[in-house]
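Novice: Input structure: my_file_14.txt, which contains compact mmCIF, C-alpha atoms.
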# COMPACT_ATOMS: atom_id res chain seq x y z
CA MET X 1 -22.09 100.20 -85.18
CA LYS X 2 -21.69 97.72 -88.04
CA LYS X 3 -24.90 96.61 -89.70
CA ILE X 4 -26.51 93.19 -89.62
CA ASN X 5 -26.85 91.81 -93.15
CA LEU X 6 -30.01 89.87 -93.95
CA PHE X 7 -29.99 87.54 -96.96
CA VAL X 8 -33.67 86.95 -97.67
CA PHE X 9 -34.61 84.29 -100.22
CA ALA X 10 -38.14 85.25 -101.29
CA ALA X 11 -38.92 83.98 -104.77
CA HIS X 12 -42.38 85.63 -104.90
CA HIS X 13 -41.20 89.05 -103.66
CA LEU X 14 -41.82 90.75 -107.00
CA SER X 15 -45.17 89.10 -107.75
CA GLY X 16 -48.51 90.76 -107.09
CA ASN X 17 -50.01 87.97 -105.01
CA ILE X 18 -50.79 88.47 -101.33
CA ALA X 19 -48.18 85.89 -100.30
CA ALA X 20 -45.48 88.27 -101.52
CA GLN X 21 -46.60 90.87 -98.98
CA ARG X 22 -45.56 88.68 -96.03
CA PHE X 23 -41.93 89.81 -96.10
CA LYS X 24 -42.17 92.64 -98.61
CA SER X 25 -44.17 94.75 -96.17
CA LEU X 26 -42.28 93.52 -93.12
CA LEU X 27 -38.66 94.21 -94.07
CA LYS X 28 -39.22 97.90 -94.76
CA TYR X 29 -40.00 98.52 -91.07
CA LEU X 30 -36.62 97.24 -89.89
CA ASP X 31 -34.25 99.97 -88.73
CA PRO X 32 -32.03 100.90 -91.74
CA ALA X 33 -29.33 102.05 -89.32
CA LYS X 34 -29.14 98.49 -88.00
CA TYR X 35 -30.02 96.29 -90.99
CA ARG X 36 -28.83 95.96 -94.56
CA VAL X 37 -31.23 93.69 -96.47
CA PHE X 38 -30.60 91.73 -99.66
CA VAL X 39 -33.71 90.13 -101.19
CA PHE X 40 -33.26 87.39 -103.79
CA ALA X 41 -36.43 87.19 -105.87
CA ARG X 42 -37.53 85.79 -109.19
CA GLU X 43 -37.72 88.06 -112.20
CA PRO X 44 -41.18 89.65 -112.47
CA ALA X 45 -43.53 88.10 -114.99
CA SER X 46 -43.91 91.47 -116.69
CA ALA X 47 -41.03 93.66 -117.75
CA MET X 48 -43.22 96.61 -116.78
CA VAL X 49 -42.74 95.85 -113.07
CA GLU X 50 -40.20 98.27 -111.65
CA VAL X 51 -37.80 96.86 -109.07
CA THR X 52 -37.50 99.51 -106.37
CA ALA X 53 -36.94 99.45 -102.63
CA PRO X 54 -39.12 101.47 -100.25
CA PRO X 55 -37.70 104.92 -99.41
CA HIS X 56 -35.57 105.37 -96.30
CA THR X 57 -34.52 101.71 -96.25
CA ASP X 58 -31.33 99.81 -96.99
CA ILE X 59 -32.91 97.08 -99.12
CA THR X 60 -31.51 95.74 -102.38
CA VAL X 61 -33.68 93.45 -104.51
CA PHE X 62 -32.14 91.01 -106.98
CA PRO X 63 -34.61 89.86 -109.70
CA LEU X 64 -33.13 86.56 -110.87
CA PRO X 65 -34.08 84.08 -113.63
CA GLY X 66 -34.70 80.36 -113.37
CA ARG X 67 -37.46 77.92 -112.47
CA CYS X 68 -38.56 76.81 -109.02
CA VAL X 69 -40.11 73.59 -107.78
CA GLY X 70 -43.83 73.62 -108.47
CA SER X 71 -46.35 73.04 -111.22
CA GLU X 72 -44.02 74.58 -113.79
CA SER X 73 -40.94 72.49 -112.99
CA SER X 74 -39.83 69.16 -114.39
CA ALA X 75 -39.14 66.07 -112.30
CA THR X 76 -35.43 66.58 -112.98
CA ALA X 77 -35.52 70.09 -111.51
CA SER X 78 -37.37 68.86 -108.43
CA LEU X 79 -34.81 66.10 -107.88
CA LEU X 80 -32.01 68.66 -108.16
CA THR X 81 -33.58 70.70 -105.37
CA LEU X 82 -33.91 67.57 -103.24
CA ALA X 83 -30.26 66.74 -103.89
CA ALA X 84 -29.22 70.29 -102.92
CA ALA X 85 -31.08 69.96 -99.62
CA PHE X 86 -28.82 67.01 -98.71
CA MET X 87 -25.63 68.11 -100.45
CA ARG X 88 -25.40 71.78 -99.53
CA PRO X 89 -22.21 72.49 -101.54
CA LEU X 90 -24.01 71.36 -104.73
CA PRO X 91 -25.66 74.71 -105.64
CA PHE X 92 -22.31 76.49 -105.40
CA LEU X 93 -20.72 73.95 -107.74
CA LEU X 94 -23.54 74.44 -110.25
CA ALA X 95 -22.96 78.21 -110.34
CA ASP X 96 -20.29 77.74 -113.02
CA GLY X 97 -22.70 76.00 -115.42
CA HIS X 98 -24.70 77.50 -118.28
CA ALA X 99 -26.68 80.44 -116.92
CA HIS X 100 -29.84 79.76 -118.94
CA THR X 101 -30.20 76.24 -117.52
CA ARG X 102 -29.59 77.05 -113.85
CA PRO X 103 -32.49 76.77 -111.39
CA TRP X 104 -33.48 79.96 -109.59
CA PHE X 105 -31.89 78.97 -106.28
CA VAL X 106 -28.49 78.50 -107.95
CA HIS X 107 -28.61 82.07 -109.32
CA ALA X 108 -29.74 83.34 -105.91
CA LEU X 109 -26.95 81.56 -104.04
CA ALA X 110 -24.29 82.78 -106.47
CA GLU X 111 -25.20 86.39 -105.62
CA ALA X 112 -25.74 85.75 -101.91
CA ASN X 113 -22.50 83.80 -101.51
CA ARG X 114 -20.42 86.64 -102.97
CA LEU X 115 -22.06 89.30 -100.82
CA CYS X 116 -22.03 87.24 -97.63
CA ALA X 117 -18.32 86.50 -97.99
CA GLU X 118 -17.60 90.21 -98.43
CA LYS X 119 -19.58 91.22 -95.36
CA LEU X 120 -18.05 88.55 -93.14
CA VAL X 121 -14.52 89.59 -94.17
CA ALA X 122 -15.50 93.16 -93.19
CA GLY X 123 -16.42 91.86 -89.74
CA GLU X 124 -20.17 92.29 -90.16
CA ARG X 125 -22.83 89.87 -88.94
CA CYS X 126 -25.03 87.96 -91.38
CA VAL X 127 -28.28 85.99 -91.19
CA ALA X 128 -30.00 83.91 -93.89
CA ILE X 129 -33.81 83.87 -94.13
CA GLY X 130 -35.73 81.36 -96.23
CA THR X 131 -39.38 82.07 -97.02
CA TYR X 132 -41.64 79.25 -98.21
CA SER X 133 -43.09 78.81 -100.76
CA PRO X 134 -41.45 77.66 -103.02
CA VAL X 135 -39.25 75.20 -101.19
CA ASP X 136 -36.23 76.38 -103.23
CA ALA X 137 -35.95 79.43 -100.95
CA LEU X 138 -35.64 77.27 -97.83
CA VAL X 139 -32.99 75.11 -99.51
CA ALA X 140 -31.04 78.21 -100.53
CA ALA X 141 -31.11 79.71 -97.03
CA ALA X 142 -29.93 76.42 -95.51
CA ALA X 143 -27.07 76.18 -98.02
CA LEU X 144 -25.85 79.74 -97.39
CA ALA X 145 -26.08 79.35 -93.61
CA GLY X 146 -24.25 76.02 -93.72
CA LYS X 147 -21.40 77.27 -95.87
CA HIS X 148 -20.71 80.44 -93.88
CA ARG X 149 -21.85 79.23 -90.43
CA ILE X 150 -24.29 82.11 -90.01
CA GLY X 151 -27.69 82.32 -88.33
CA CYS X 152 -30.70 81.00 -90.22
CA LEU X 153 -34.43 81.69 -89.90
CA GLN X 154 -36.73 79.43 -91.92
CA ASP X 155 -40.23 80.83 -92.39
CA PHE X 156 -43.00 78.42 -93.41
CA ARG X 157 -45.90 80.55 -94.58
CA ASP X 158 -47.86 77.36 -95.31
CA GLY X 159 -47.33 73.87 -94.02
CA LEU X 160 -44.90 71.87 -96.14
CA VAL X 161 -45.89 68.68 -94.32
CA PHE X 162 -48.74 69.63 -91.96
CA GLU X 163 -51.86 70.18 -94.13
CA PRO X 164 -49.76 70.71 -97.29
CA LEU X 165 -51.20 72.64 -100.21
CA GLY X 166 -49.20 70.78 -102.84
CA LYS X 167 -50.27 67.82 -104.96
CA PRO X 168 -51.13 64.64 -103.02
CA GLY X 169 -49.40 61.27 -103.30
CA TRP X 170 -46.92 59.33 -101.19
CA PRO X 171 -43.81 60.17 -103.28
CA ARG X 172 -44.47 63.90 -102.85
CA LYS X 173 -45.31 63.48 -99.16
CA TRP X 174 -42.09 61.53 -98.65
CA MET X 175 -40.07 64.19 -100.48
CA ARG X 176 -41.66 67.01 -98.47
CA LYS X 177 -40.74 65.30 -95.19
CA LEU X 178 -37.15 64.77 -96.30
CA ILE X 179 -36.67 68.35 -97.47
CA GLU X 180 -38.43 69.82 -94.44
CA GLY X 181 -36.20 67.88 -92.06
CA ARG X 182 -33.07 69.11 -93.79
CA VAL X 183 -34.01 72.80 -93.95
CA VAL X 184 -35.29 72.78 -90.36
CA ALA X 185 -32.03 71.20 -89.18
CA ALA X 186 -30.09 74.16 -90.60
CA SER X 187 -32.20 76.75 -88.80
CA ASN X 188 -31.79 78.60 -85.52
CA LEU X 189 -35.48 79.54 -85.56
CA VAL X 190 -38.52 78.17 -87.40
CA THR X 191 -41.48 80.51 -87.85
CA SER X 192 -44.88 79.90 -89.36
CA VAL X 193 -48.15 81.67 -89.92
CA SER X 194 -50.39 80.05 -87.33
CA ARG X 195 -50.36 78.30 -83.95
CA PRO X 196 -51.40 74.84 -85.28
CA LEU X 197 -48.46 74.86 -87.69
CA VAL X 198 -46.00 75.96 -85.01
CA ASP X 199 -47.36 73.38 -82.56
CA ASP X 200 -46.76 70.71 -85.22
CA PHE X 201 -43.14 71.84 -85.68
CA GLN X 202 -42.61 71.75 -81.91
CA ARG X 203 -44.01 68.22 -81.73
CA ARG X 204 -41.94 66.83 -84.59
CA TYR X 205 -38.73 68.77 -83.90
CA PRO X 206 -38.40 68.87 -80.09
CA GLY X 207 -35.75 71.31 -78.95
CA LYS X 208 -35.95 73.42 -82.12
CA ALA X 209 -36.81 77.08 -81.45
CA THR X 210 -40.15 77.97 -83.04
CA ALA X 211 -42.41 81.04 -83.08
CA VAL X 212 -45.62 82.29 -84.66
CA LEU X 213 -45.06 85.03 -87.26
CA PRO X 214 -48.63 85.70 -88.40
CA ASN X 215 -49.61 87.31 -91.63
CA GLY X 216 -50.46 90.96 -91.14
CA TYR X 217 -51.46 94.27 -92.63
CA ASP X 218 -49.27 97.19 -93.64
CA PRO X 219 -50.59 100.43 -92.11
CA ALA X 220 -48.90 102.42 -94.87
CA ASP X 221 -51.02 100.71 -97.53
CA PHE X 222 -54.22 101.94 -95.92
CA ALA X 223 -52.85 105.38 -95.01
CA SER X 224 -52.02 105.99 -98.68
CA LEU X 225 -55.57 105.28 -99.91
CA ASP X 226 -56.84 108.74 -98.97
CA ASN X 227 -54.32 110.35 -101.34
CA ASP X 228 -54.95 107.90 -104.17
CA VAL X 229 -57.33 110.04 -106.20
CA GLU X 230 -57.09 107.92 -109.34
CA GLY X 231 -57.73 104.68 -107.47
CA SER X 232 -60.62 106.20 -105.56
CA THR X 233 -62.21 107.41 -108.80
CA ARG X 234 -61.80 104.00 -110.44
CA ALA X 235 -63.27 102.20 -107.42
CA ALA X 236 -66.28 104.52 -107.36
CA ALA X 237 -66.87 103.94 -111.07
CA ILE X 238 -66.71 100.16 -110.66
CA LEU X 239 -69.20 100.18 -107.79
CA ALA X 240 -71.56 102.50 -109.68
CA ARG X 241 -71.51 100.06 -112.60
CA GLU X 242 -71.66 96.77 -110.68
CA VAL X 243 -73.64 97.37 -107.49
CA PRO X 244 -77.39 98.16 -107.37
CA ALA X 245 -78.28 101.43 -105.68
CA HIS X 246 -78.70 101.24 -101.89
CA ALA X 247 -77.60 97.57 -101.76
CA LEU X 248 -75.55 96.27 -98.84
CA LEU X 249 -72.15 95.54 -100.39
CA ILE X 250 -70.46 92.29 -99.34
CA GLY X 251 -66.99 91.80 -100.79
CA HIS X 252 -64.75 88.78 -101.17
CA PHE X 253 -61.15 89.34 -102.26
CA GLY X 254 -58.55 86.93 -103.60
CA ARG X 255 -58.66 83.24 -104.42
CA ILE X 256 -60.77 80.53 -102.80
CA GLY X 257 -60.25 76.95 -104.00
CA ALA X 258 -57.19 77.78 -106.08
CA SER X 259 -55.34 78.11 -102.77
CA ASP X 260 -57.28 75.50 -100.77
CA GLY X 261 -59.65 73.19 -102.62
CA SER X 262 -61.73 72.49 -99.52
CA ALA X 263 -62.69 76.19 -99.31
CA SER X 264 -64.76 75.90 -102.50
CA LYS X 265 -67.29 73.86 -100.51
CA SER X 266 -67.86 76.91 -98.31
CA LEU X 267 -68.74 78.92 -101.42
CA ASP X 268 -71.28 76.25 -102.42
CA TYR X 269 -72.78 76.41 -98.92
CA LEU X 270 -73.01 80.20 -99.15
CA VAL X 271 -74.80 80.13 -102.50
CA ASP X 272 -77.26 77.47 -101.33
CA ALA X 273 -78.00 79.35 -98.10
CA LEU X 274 -78.66 82.66 -99.82
CA ASN X 275 -80.71 81.01 -102.59
CA GLU X 276 -83.09 79.64 -99.94
CA SER X 277 -84.37 83.11 -99.12
CA THR X 278 -84.60 85.40 -102.12
CA GLU X 279 -86.51 87.97 -100.07
CA ALA X 280 -83.78 88.19 -97.43
CA SER X 281 -81.17 88.65 -100.17
CA ALA X 282 -83.04 91.40 -102.01
CA ASN X 283 -80.95 94.28 -100.64
CA ARG X 284 -77.56 92.56 -100.75
CA HIS X 285 -74.92 92.47 -103.45
CA LEU X 286 -71.95 90.09 -103.34
CA MET X 287 -68.84 91.18 -105.20
CA PHE X 288 -65.95 88.77 -105.85
CA VAL X 289 -62.61 90.39 -106.67
CA GLY X 290 -59.85 87.96 -107.66
CA GLU X 291 -59.16 84.67 -109.38
CA LEU X 292 -61.91 82.04 -109.20
CA THR X 293 -61.85 78.50 -110.52
CA GLU X 294 -64.25 77.31 -113.23
CA ALA X 295 -66.21 75.31 -110.64
CA GLU X 296 -66.56 78.39 -108.44
CA LEU X 297 -67.77 80.49 -111.34
CA ALA X 298 -70.31 77.76 -112.11
CA SER X 299 -71.46 77.83 -108.48
CA LEU X 300 -72.01 81.58 -108.65
CA GLN X 301 -74.03 81.17 -111.84
CA ARG X 302 -76.58 79.31 -109.72
CA ALA X 303 -77.07 82.38 -107.54
CA SER X 304 -80.56 83.85 -107.39
CA PHE X 305 -79.20 86.91 -105.59
CA SER X 306 -77.28 89.93 -106.88
CA VAL X 307 -73.63 89.09 -107.53
CA SER X 308 -70.73 90.30 -109.66
CA VAL X 309 -67.30 88.84 -110.44
CA LEU X 310 -64.57 91.36 -111.24
CA GLY X 311 -61.61 89.04 -111.60
CA PRO X 312 -58.10 90.02 -110.47
CA VAL X 313 -57.28 93.72 -110.12
CA GLU X 314 -54.13 95.48 -108.97
CA ARG X 315 -53.66 95.48 -105.23
CA THR X 316 -54.17 99.20 -104.58
CA LEU X 317 -57.51 99.11 -106.39
CA ALA X 318 -58.52 96.01 -104.43
CA LEU X 319 -57.85 97.88 -101.18
CA GLN X 320 -59.91 100.84 -102.39
CA LEU X 321 -62.82 98.49 -103.09
CA MET X 322 -62.31 96.68 -99.79
CA LYS X 323 -62.61 99.94 -97.85
CA ARG X 324 -65.99 100.58 -99.48
CA CYS X 325 -67.58 97.26 -98.49
CA ASP X 326 -70.22 97.05 -95.77
CA LYS X 327 -69.26 93.44 -95.03
CA LEU X 328 -66.23 91.35 -95.95
CA LEU X 329 -66.54 87.67 -96.76
CA LEU X 330 -63.98 85.04 -95.80
CA LEU X 331 -64.30 81.48 -97.11
CA THR X 332 -62.11 78.76 -95.56
CA GLY X 333 -62.27 74.99 -95.72
CA SER X 334 -61.02 72.06 -93.65
CA ARG X 335 -57.50 73.29 -92.84
CA ALA X 336 -57.01 73.95 -89.11
CA SER X 337 -53.92 76.06 -89.84
CA CYS X 338 -55.65 78.44 -92.26
CA ALA X 339 -54.89 82.11 -91.62
CA THR X 340 -54.96 83.55 -95.13
CA GLY X 341 -53.32 86.90 -95.77
CA LYS X 342 -56.55 88.57 -96.89
CA LEU X 343 -57.95 88.21 -93.36
CA PHE X 344 -55.47 90.74 -91.99
CA GLU X 345 -56.22 93.28 -94.68
CA TYR X 346 -59.87 92.75 -93.84
CA LEU X 347 -59.03 93.60 -90.22
CA ALA X 348 -57.41 96.86 -91.26
CA ALA X 349 -60.22 97.75 -93.68
CA GLY X 350 -62.59 97.89 -90.72
CA ALA X 351 -65.79 96.30 -92.02
CA CYS X 352 -67.46 93.40 -90.20
CA ILE X 353 -66.11 90.04 -91.41
CA VAL X 354 -68.33 87.04 -92.05
CA CYS X 355 -66.49 83.73 -92.29
CA VAL X 356 -67.94 80.54 -93.75
CA SER X 357 -65.69 77.62 -92.85
CA GLY X 358 -65.58 73.86 -92.80
CA VAL X 359 -63.89 73.84 -89.37
CA ARG X 360 -62.89 76.10 -86.52
CA ASN X 361 -59.38 77.16 -87.50
CA GLU X 362 -56.77 79.86 -86.95
CA ALA X 363 -58.76 82.38 -88.97
CA THR X 364 -61.95 81.85 -86.98
CA ALA X 365 -59.96 82.08 -83.73
CA ILE X 366 -58.54 85.45 -84.78
CA LEU X 367 -62.03 86.74 -85.61
CA ALA X 368 -63.21 85.72 -82.15
CA GLN X 369 -60.15 87.16 -80.43
CA THR X 370 -60.36 90.53 -82.19
CA GLY X 371 -64.15 90.81 -82.17
CA THR X 372 -64.06 91.67 -85.85
CA GLY X 373 -66.60 89.19 -87.17
CA GLN X 374 -68.45 85.95 -86.84
CA THR X 375 -68.20 82.42 -88.18
CA VAL X 376 -70.73 80.02 -89.68
CA LEU X 377 -69.68 76.38 -90.06
CA THR X 378 -70.87 74.45 -93.09
CA SER X 379 -71.68 71.52 -90.81
CA ALA X 380 -74.42 73.59 -89.15
CA GLY X 381 -76.91 72.79 -91.92
CA ALA X 382 -80.20 74.72 -92.01
CA SER X 383 -79.55 76.56 -88.74
CA GLY X 384 -76.25 77.68 -90.17
CA GLY X 385 -78.06 79.02 -93.22
CA ASP X 386 -80.27 81.14 -90.97
CA ALA X 387 -77.22 82.37 -89.07
CA LEU X 388 -75.40 83.19 -92.31
CA ARG X 389 -78.28 85.20 -93.72
CA GLY X 390 -78.47 87.08 -90.43
CA ALA X 391 -74.72 87.72 -90.38
CA LEU X 392 -74.93 89.18 -93.88
CA SER X 393 -77.52 91.71 -92.77
CA SER X 394 -76.84 95.34 -91.93
CA SER X 395 -76.50 94.79 -88.18
CA GLY X 396 -73.12 94.77 -86.43
CA THR X 397 -71.49 91.98 -84.43
CA GLY X 398 -70.19 93.69 -81.30
CA ALA X 399 -67.16 95.61 -80.11
CA ARG X 400 -63.86 95.37 -81.96
CA HIS X 401 -60.67 94.76 -80.02
CA ASP X 402 -57.09 95.87 -80.62
CA ILE X 403 -55.60 94.51 -83.86
CA ALA X 404 -52.14 96.09 -83.42
CA ALA X 405 -50.45 92.70 -83.01
CA TYR X 406 -51.19 92.07 -86.69
CA SER X 407 -49.58 95.31 -87.88
CA ARG X 408 -46.34 94.92 -89.80
CA VAL X 409 -44.81 97.58 -87.55
CA ALA X 410 -45.34 95.44 -84.43
CA GLN X 411 -44.19 92.32 -86.27
CA ALA X 412 -41.00 94.02 -87.46
CA GLY X 413 -40.22 94.61 -83.80
CA MET X 414 -40.60 90.87 -83.13
CA LEU X 415 -38.36 90.02 -86.08
CA ASP X 416 -35.75 92.49 -84.86
CA ARG X 417 -35.66 90.85 -81.42
CA TRP X 418 -35.35 87.36 -82.89
CA ILE X 419 -32.49 88.32 -85.21
CA SER X 420 -30.70 90.33 -82.52
CA ASN X 421 -30.72 87.26 -80.25
CA MET X 422 -29.54 85.09 -83.12
CA VAL X 423 -26.39 87.13 -83.78
CA GLN X 424 -25.36 87.65 -80.15
CA PRO X 425 -21.79 86.41 -79.59
As structure tokens - that is how I would like this structure written.

Specialist:
Amino acid sequence: MKKINLFVFAAHHLSGNIAAQRFKSLLKYLDPAKYRVFVFAREPASAMVEVTAPPHTDITVFPLPGRCVGSESSATASLLTLAAAFMRPLPFLLADGHAHTRPWFVHALAEANRLCAEKLVAGERCVAIGTYSPVDALVAAAALAGKHRIGCLQDFRDGLVFEPLGKPGWPRKWMRKLIEGRVVAASNLVTSVSRPLVDDFQRRYPGKATAVLPNGYDPADFASLDNDVEGSTRAAAILAREVPAHALLIGHFGRIGASDGSASKSLDYLVDALNESTEASANRHLMFVGELTEAELASLQRASFSVSVLGPVERTLALQLMKRCDKLLLLTGSRASCATGKLFEYLAAGACIVCVSGVRNEATAILAQTGTGQTVLTSAGASGGDALRGALSSSGTGARHDIAAYSRVAQAGMLDRWISNMVQP
């Protein structure tokens, strides 16, 4: 049987951030006898990063140069991406220009176009997948699908229009709506990380096929921790240095306000609540692993309880530390669609999760559904402070339920069914 070729535009694939894991850990569970996968990524920031595919897979990764739309890009580059969304032949025309001035999506499409043409001539089936963010990947997938008339799946990890994470302002909002409409129009299926986001797509694009593709955890990442002697030794040394003896260890991993500014208010609420009762906090230690903003660091400096800030560490070490926590802390803000990737690694790590949030959202719904933790809303005031201090005690929160739906293995099965339906004659 001839293989199905997947052309996956995933600019962050080679970065270390948790967003990169969304498709990186998903694609490797597709059947290599059925799928041949080409991933078009940006060059890693460090030359020390080795570009390798997981064993026993048919995955080729292309690390490509060029800028993407975002904080690093000029207005001219952003306008070029907008133009490409409406004039899909444009990126292919730009492929003959000077290589050092091409945007990333032009490099990606030059490679994808050549390979896709070869596979179609050989009678094989092809599907383009765009993974946001950045928006360049969605534009590239739409352009490839339009040129070769192949299936297209557009995955919105975060909302481009619904609760966007980008900079505010009506020109940017207007541009997001225009680009979103164009890349959605080119798709056979739109997926996103949470039910509120998918419901919004269904409302604004009636008749367009949509589905929830949640973030998830990779069972292989956690299975490998037992054999990671070096990582285990490093984690033990860090905890011996940072955590007081016999303290209940509460860990927070990843960014807070750098991803969602409203989540920083939940950190302020946490600090104020724990400061109110020094006695109740005597046997607790909070450990923050990951990038924090200056304002968040200032908030933690107000803490009258035991706390340490490690800063970013490599992912395998973060998982080793996560497995050693008695409680795991999740801080979300006012976004109803929030279902951050760290939540699913928390689920797999197994410790009770305590969420402080501005609203009931997708993350809090998952905690309730899986029985893996409890939520305190910042609007609860003093009673919420009491509840938070109680939640961060040594007692449990009840029976856990099955979390298999959030495993990358189960999700790869969903993706396989969607793609198989897409390429049916």

Novice: Of the candidates X:Ser266, X:Thr60, X:Thr364, X:Gln301, which shows the shortest atom-to-atom distance to Leu6 in chain X, using only C-alpha atoms?

Specialist: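 Checking each candidate against Leu6 in chain X, we get X:Thr60 as the closest.
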
Novice: State, in Å with one decimal place, the distance from CA of Pro425 in chain X to CA of Val193 in chain X.

Specialist: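 Separating CA of Pro425 in chain X from CA of Val193 in chain X is a distance of 28.7 Å.
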
Novice: Give me, as a tab-separated table, the closest atom pair and its distance (Å, one decimal) for every residue of range 317-401 of chain X within a cut-off of 9 Å of range 234-252 of chain X, counting all atoms listed in the file, rows sorted by chain and rising number.

Specialist:
residue	atom	partner	partner_atom	distance
X:Leu317	CA	X:Ala235	CA	6.6
X:Ala318	CA	X:Ala235	CA	8.4
X:Gln320	CA	X:Ala235	CA	6.2
X:Leu321	CA	X:Ala235	CA	5.7
X:Met322	CA	X:Gly251	CA	6.8
X:Arg324	CA	X:Leu249	CA	8.0
X:Cys325	CA	X:Leu249	CA	5.2
X:Asp326	CA	X:Leu249	CA	5.2
X:Lys327	CA	X:Ile250	CA	4.6
X:Leu328	CA	X:Gly251	CA	4.9
X:Leu329	CA	X:His252	CA	4.9
X:Leu330	CA	X:His252	CA	6.6
X:Leu331	CA	X:His252	CA	8.4
X:Leu392	CA	X:Ile250	CA	7.7
X:Ser393	CA	X:Leu248	CA	7.8
X:Ser394	CA	X:Leu248	CA	7.1

Novice: Find the residues around range 124-133 of chain X up to 9 Å (all atoms listed in the file counted), leave out those fewer than 6 positions away in its own chain, and share them as an MDAnalysis selection string.

Specialist: chainID X and resid 2:12 19 23 116 118 139:142 144:145 150:160 419 422:423

Novice: Go through X:Gly381, X:Pro32, X:Pro44, X:Gly371 and flag the residue nearest Asp58 in chain X, using only C-alpha atoms for the distances.

Specialist: X:Pro32

Novice: Quick one, how far is CA of Gly358 in chain X from CA of Asp268 in chain X?

Specialist: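 Computing it gives 11.4 Å between the two atoms.
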